[in-house]
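K.L.:
Could you have a look at this structure, given as structure tokens, before my questions?
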Amino acid sequence: MTIRTEKNSVTSIILYPIDRLDTAAAPLLEKKIQQLESDITDITLDLSQLSYISSMGLRVLLQAKKLLNEQGKQFIVKNMSESVREVFEMTGFINLIFIDT
Amino acid sequence: MISLTIKAEIDNLGKLSRFLHKNLKDSSCPEKIIKLIELSTEEIFVNIVKYAYTAGQNKTDVIIEFRNKRSGSRNITNVTVSDYGEPFDPLKTETTALNIPINEREPGGLGLLLVKRSMDRVEYEYKNGMNRMVIEKIW
């Protein structure tokens, strides 16, 4: 997995994880989110280029949401592919993370 | 039957994924089903890496067996994951309840929930000194 980033303004960023968010790749995304500059308050995770997610990937997203919300920041997940959405639905995570459809 | 033997290390996840992908593609399995089988096998493998081996143990091989049986227009894909870790039946642990906060959940429970929800059959047995998880998907 690689992560492409797109900074829209000083306070807003879009992260695009590409390909697979599996157990091996999940720590990369976790680190990326933890290391965001403190000025950034609006984080969007665009999953349009992600084809696969496992339970470890889901955990990282939920922990990211918790961390960012505690810091008073906005975290939105959007553009899930059908197979990624299915994993969110099977685990009930679809209700835990704010998803912009 | 086609099999793959790898060490119980997260770095081998790519090998596991390529093994399944190739064999399922050869069986003309649709991408959506491939993802579910890959997902279930990853979750089982990752649980083995995390929990099955105690320090000092050197039998760290994990054996993955792949079988696909076609009857008429129907396929039955069967994947068996075997390891030499301590006897442990993951199916006896309570599947993660969704209303429990994530940090308080049983480790591995979320992965197991995904296995149960995406496969048609999930079984465990301890045989010849090995834990064997069998998953089956009909498509």
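Following the order of the structure tokens, first chain is A, next is B, and so on, with residues numbered from 1 inside each chain and ligands from 1 in the order they appear.
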I need the strand (DSSP E or B) residues of segment 13-60 of chain A per DSSP on the backbone, written as a ChimeraX atom specification.

P.N.:
/A:13-21,42-46,50-53

K.L.:
Could the residues of chain B within 7 Å of chain A, counting only C-alpha atoms, be given as a CSV table (one decimal) with C-alpha atoms, in the first residue's frame, please?

P.N.:
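Just written: iface02.csv:
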chain,number,residue,atom,x,y,z
B,10,ILE,CA,3.3,-10.9,8.9
B,11,ASP,CA,5.8,-10.3,6.1
B,32,LYS,CA,-15.5,-10.3,-5.2
B,39,LEU,CA,-9.8,-11.8,3.8
B,98,LEU,CA,-20.5,-5.0,18.1
B,110,LEU,CA,-13.2,-8.9,14.9
B,111,GLY,CA,-11.2,-11.0,12.4
B,114,LEU,CA,-15.4,-11.5,9.4
B,117,ARG,CA,-19.8,-13.8,8.1

K.L.:
My list of candidates is A:Ile33, A:Ile3, A:Leu50, A:Val60. Which is closest to Asp19 of chain A when distances are computed with only C-alpha atoms?

P.N.:
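Among A:Ile33, A:Ile3, A:Leu50, A:Val60, it is A:Leu50 that comes nearest to Asp19 of chain A.
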
K.L.:
Taking the backbone alone, and naming residues the way the document does, which bits of chain A are helix (DSSP H, G or I) by DSSP, as a ChimeraX atom specification?

P.N.:
/A:26-34,55-70,82-91,93-95

K.L.:
Quick one: write out the picked residues with N, CA and C atoms as a CSV table (one decimal), in the first residue's frame?

P.N.:
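The result, written out as out-v8.csv:
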chain,number,residue,atom,x,y,z
A,26,ALA,N,-1.4,-1.7,7.5
A,26,ALA,CA,-2.2,-0.9,8.5
A,26,ALA,C,-1.3,0.1,9.3
A,27,PRO,N,-0.1,-0.4,9.8
A,27,PRO,CA,0.7,0.5,10.6
A,27,PRO,C,1.2,1.8,9.8
A,28,LEU,N,1.3,1.6,8.5
A,28,LEU,CA,1.7,2.8,7.7
A,28,LEU,C,0.7,3.9,7.8
A,29,LEU,N,-0.6,3.5,7.6
A,29,LEU,CA,-1.6,4.5,7.7
A,29,LEU,C,-1.8,5.1,9.1
A,30,GLU,N,-1.6,4.2,10.1
A,30,GLU,CA,-1.7,4.7,11.5
A,30,GLU,C,-0.7,5.8,11.7
A,31,LYS,N,0.6,5.5,11.3
A,31,LYS,CA,1.7,6.4,11.5
A,31,LYS,C,1.4,7.8,10.8
A,32,LYS,N,0.9,7.6,9.5
A,32,LYS,CA,0.7,8.8,8.7
A,32,LYS,C,-0.3,9.7,9.4
A,33,ILE,N,-1.4,9.1,10.0
A,33,ILE,CA,-2.4,9.9,10.7
A,33,ILE,C,-1.9,10.5,12.0
A,34,GLN,N,-1.1,9.8,12.7
A,34,GLN,CA,-0.5,10.3,14.0
A,34,GLN,C,0.4,11.4,13.7
A,55,SER,N,-9.4,-6.7,9.1
A,55,SER,CA,-9.8,-6.2,10.4
A,55,SER,C,-8.8,-5.2,11.0
A,56,MET,N,-7.5,-5.5,10.7
A,56,MET,CA,-6.5,-4.5,11.2
A,56,MET,C,-6.7,-3.1,10.6
A,57,GLY,N,-7.0,-3.1,9.3
A,57,GLY,CA,-7.3,-1.8,8.6
A,57,GLY,C,-8.5,-1.1,9.3
A,58,LEU,N,-9.5,-1.9,9.6
A,58,LEU,CA,-10.7,-1.3,10.3
A,58,LEU,C,-10.3,-0.7,11.6
A,59,ARG,N,-9.5,-1.5,12.4
A,59,ARG,CA,-9.1,-1.0,13.7
A,59,ARG,C,-8.3,0.3,13.6
A,60,VAL,N,-7.4,0.4,12.6
A,60,VAL,CA,-6.7,1.7,12.4
A,60,VAL,C,-7.6,2.9,12.1
A,61,LEU,N,-8.6,2.6,11.3
A,61,LEU,CA,-9.6,3.7,11.0
A,61,LEU,C,-10.4,4.1,12.2
A,62,LEU,N,-10.8,3.1,13.0
A,62,LEU,CA,-11.5,3.5,14.2
A,62,LEU,C,-10.7,4.2,15.2
A,63,GLN,N,-9.4,3.8,15.4
A,63,GLN,CA,-8.5,4.5,16.3
A,63,GLN,C,-8.2,5.9,15.8
A,64,ALA,N,-8.1,6.0,14.5
A,64,ALA,CA,-7.8,7.4,13.9
A,64,ALA,C,-9.0,8.3,14.2
A,65,LYS,N,-10.2,7.7,14.1
A,65,LYS,CA,-11.4,8.5,14.3
A,65,LYS,C,-11.4,9.0,15.8
A,66,LYS,N,-11.1,8.1,16.7
A,66,LYS,CA,-11.1,8.4,18.1
A,66,LYS,C,-10.0,9.5,18.4
A,67,LEU,N,-8.8,9.2,17.9
A,67,LEU,CA,-7.7,10.2,18.2
A,67,LEU,C,-8.1,11.6,17.7
A,68,LEU,N,-8.5,11.6,16.4
A,68,LEU,CA,-8.8,12.9,15.8
A,68,LEU,C,-10.0,13.6,16.4
A,69,ASN,N,-11.0,12.9,16.8
A,69,ASN,CA,-12.2,13.5,17.4
A,69,ASN,C,-11.8,14.0,18.8
A,70,GLU,N,-10.9,13.3,19.5
A,70,GLU,CA,-10.5,13.8,20.8
A,70,GLU,C,-9.7,15.1,20.7
A,82,GLU,N,-17.1,-1.3,-3.6
A,82,GLU,CA,-18.1,-2.3,-3.1
A,82,GLU,C,-17.6,-3.3,-2.1
A,83,SER,N,-16.4,-3.8,-2.5
A,83,SER,CA,-15.8,-4.9,-1.6
A,83,SER,C,-15.4,-4.4,-0.2
A,84,VAL,N,-14.9,-3.1,-0.2
A,84,VAL,CA,-14.5,-2.5,1.0
A,84,VAL,C,-15.7,-2.2,1.9
A,85,ARG,N,-16.7,-1.7,1.2
A,85,ARG,CA,-18.0,-1.4,1.9
A,85,ARG,C,-18.6,-2.7,2.6
A,86,GLU,N,-18.5,-3.8,1.8
A,86,GLU,CA,-19.0,-5.0,2.4
A,86,GLU,C,-18.3,-5.4,3.7
A,87,VAL,N,-17.0,-5.2,3.8
A,87,VAL,CA,-16.3,-5.4,5.1
A,87,VAL,C,-16.8,-4.5,6.2
A,88,PHE,N,-17.0,-3.2,5.8
A,88,PHE,CA,-17.5,-2.3,6.8
A,88,PHE,C,-18.9,-2.7,7.3
A,89,GLU,N,-19.7,-3.2,6.4
A,89,GLU,CA,-21.1,-3.6,6.7
A,89,GLU,C,-21.1,-4.9,7.6
A,90,MET,N,-20.2,-5.9,7.2
A,90,MET,CA,-20.2,-7.2,7.9
A,90,MET,C,-19.9,-7.0,9.4
A,91,THR,N,-19.1,-6.0,9.7
A,91,THR,CA,-18.6,-5.8,11.1
A,91,THR,C,-19.4,-4.7,11.8
A,93,PHE,N,-19.0,-1.6,11.3
A,93,PHE,CA,-18.2,-0.4,11.3
A,93,PHE,C,-18.8,0.7,10.5
A,94,ILE,N,-19.7,0.3,9.6
A,94,ILE,CA,-20.4,1.3,8.8
A,94,ILE,C,-21.1,2.3,9.6
A,95,ASN,N,-21.5,1.9,10.8
A,95,ASN,CA,-22.3,2.8,11.8
A,95,ASN,C,-21.3,3.5,12.7

K.L.:
Any idea what's packed within 9 Å of Ile14 of chain A, counting only C-alpha atoms, ignoring anything in its chain fewer than 2 positions away? Could you give it as a ChimeraX atom specification?

P.N.:
/A:4-8,12,16,42-46
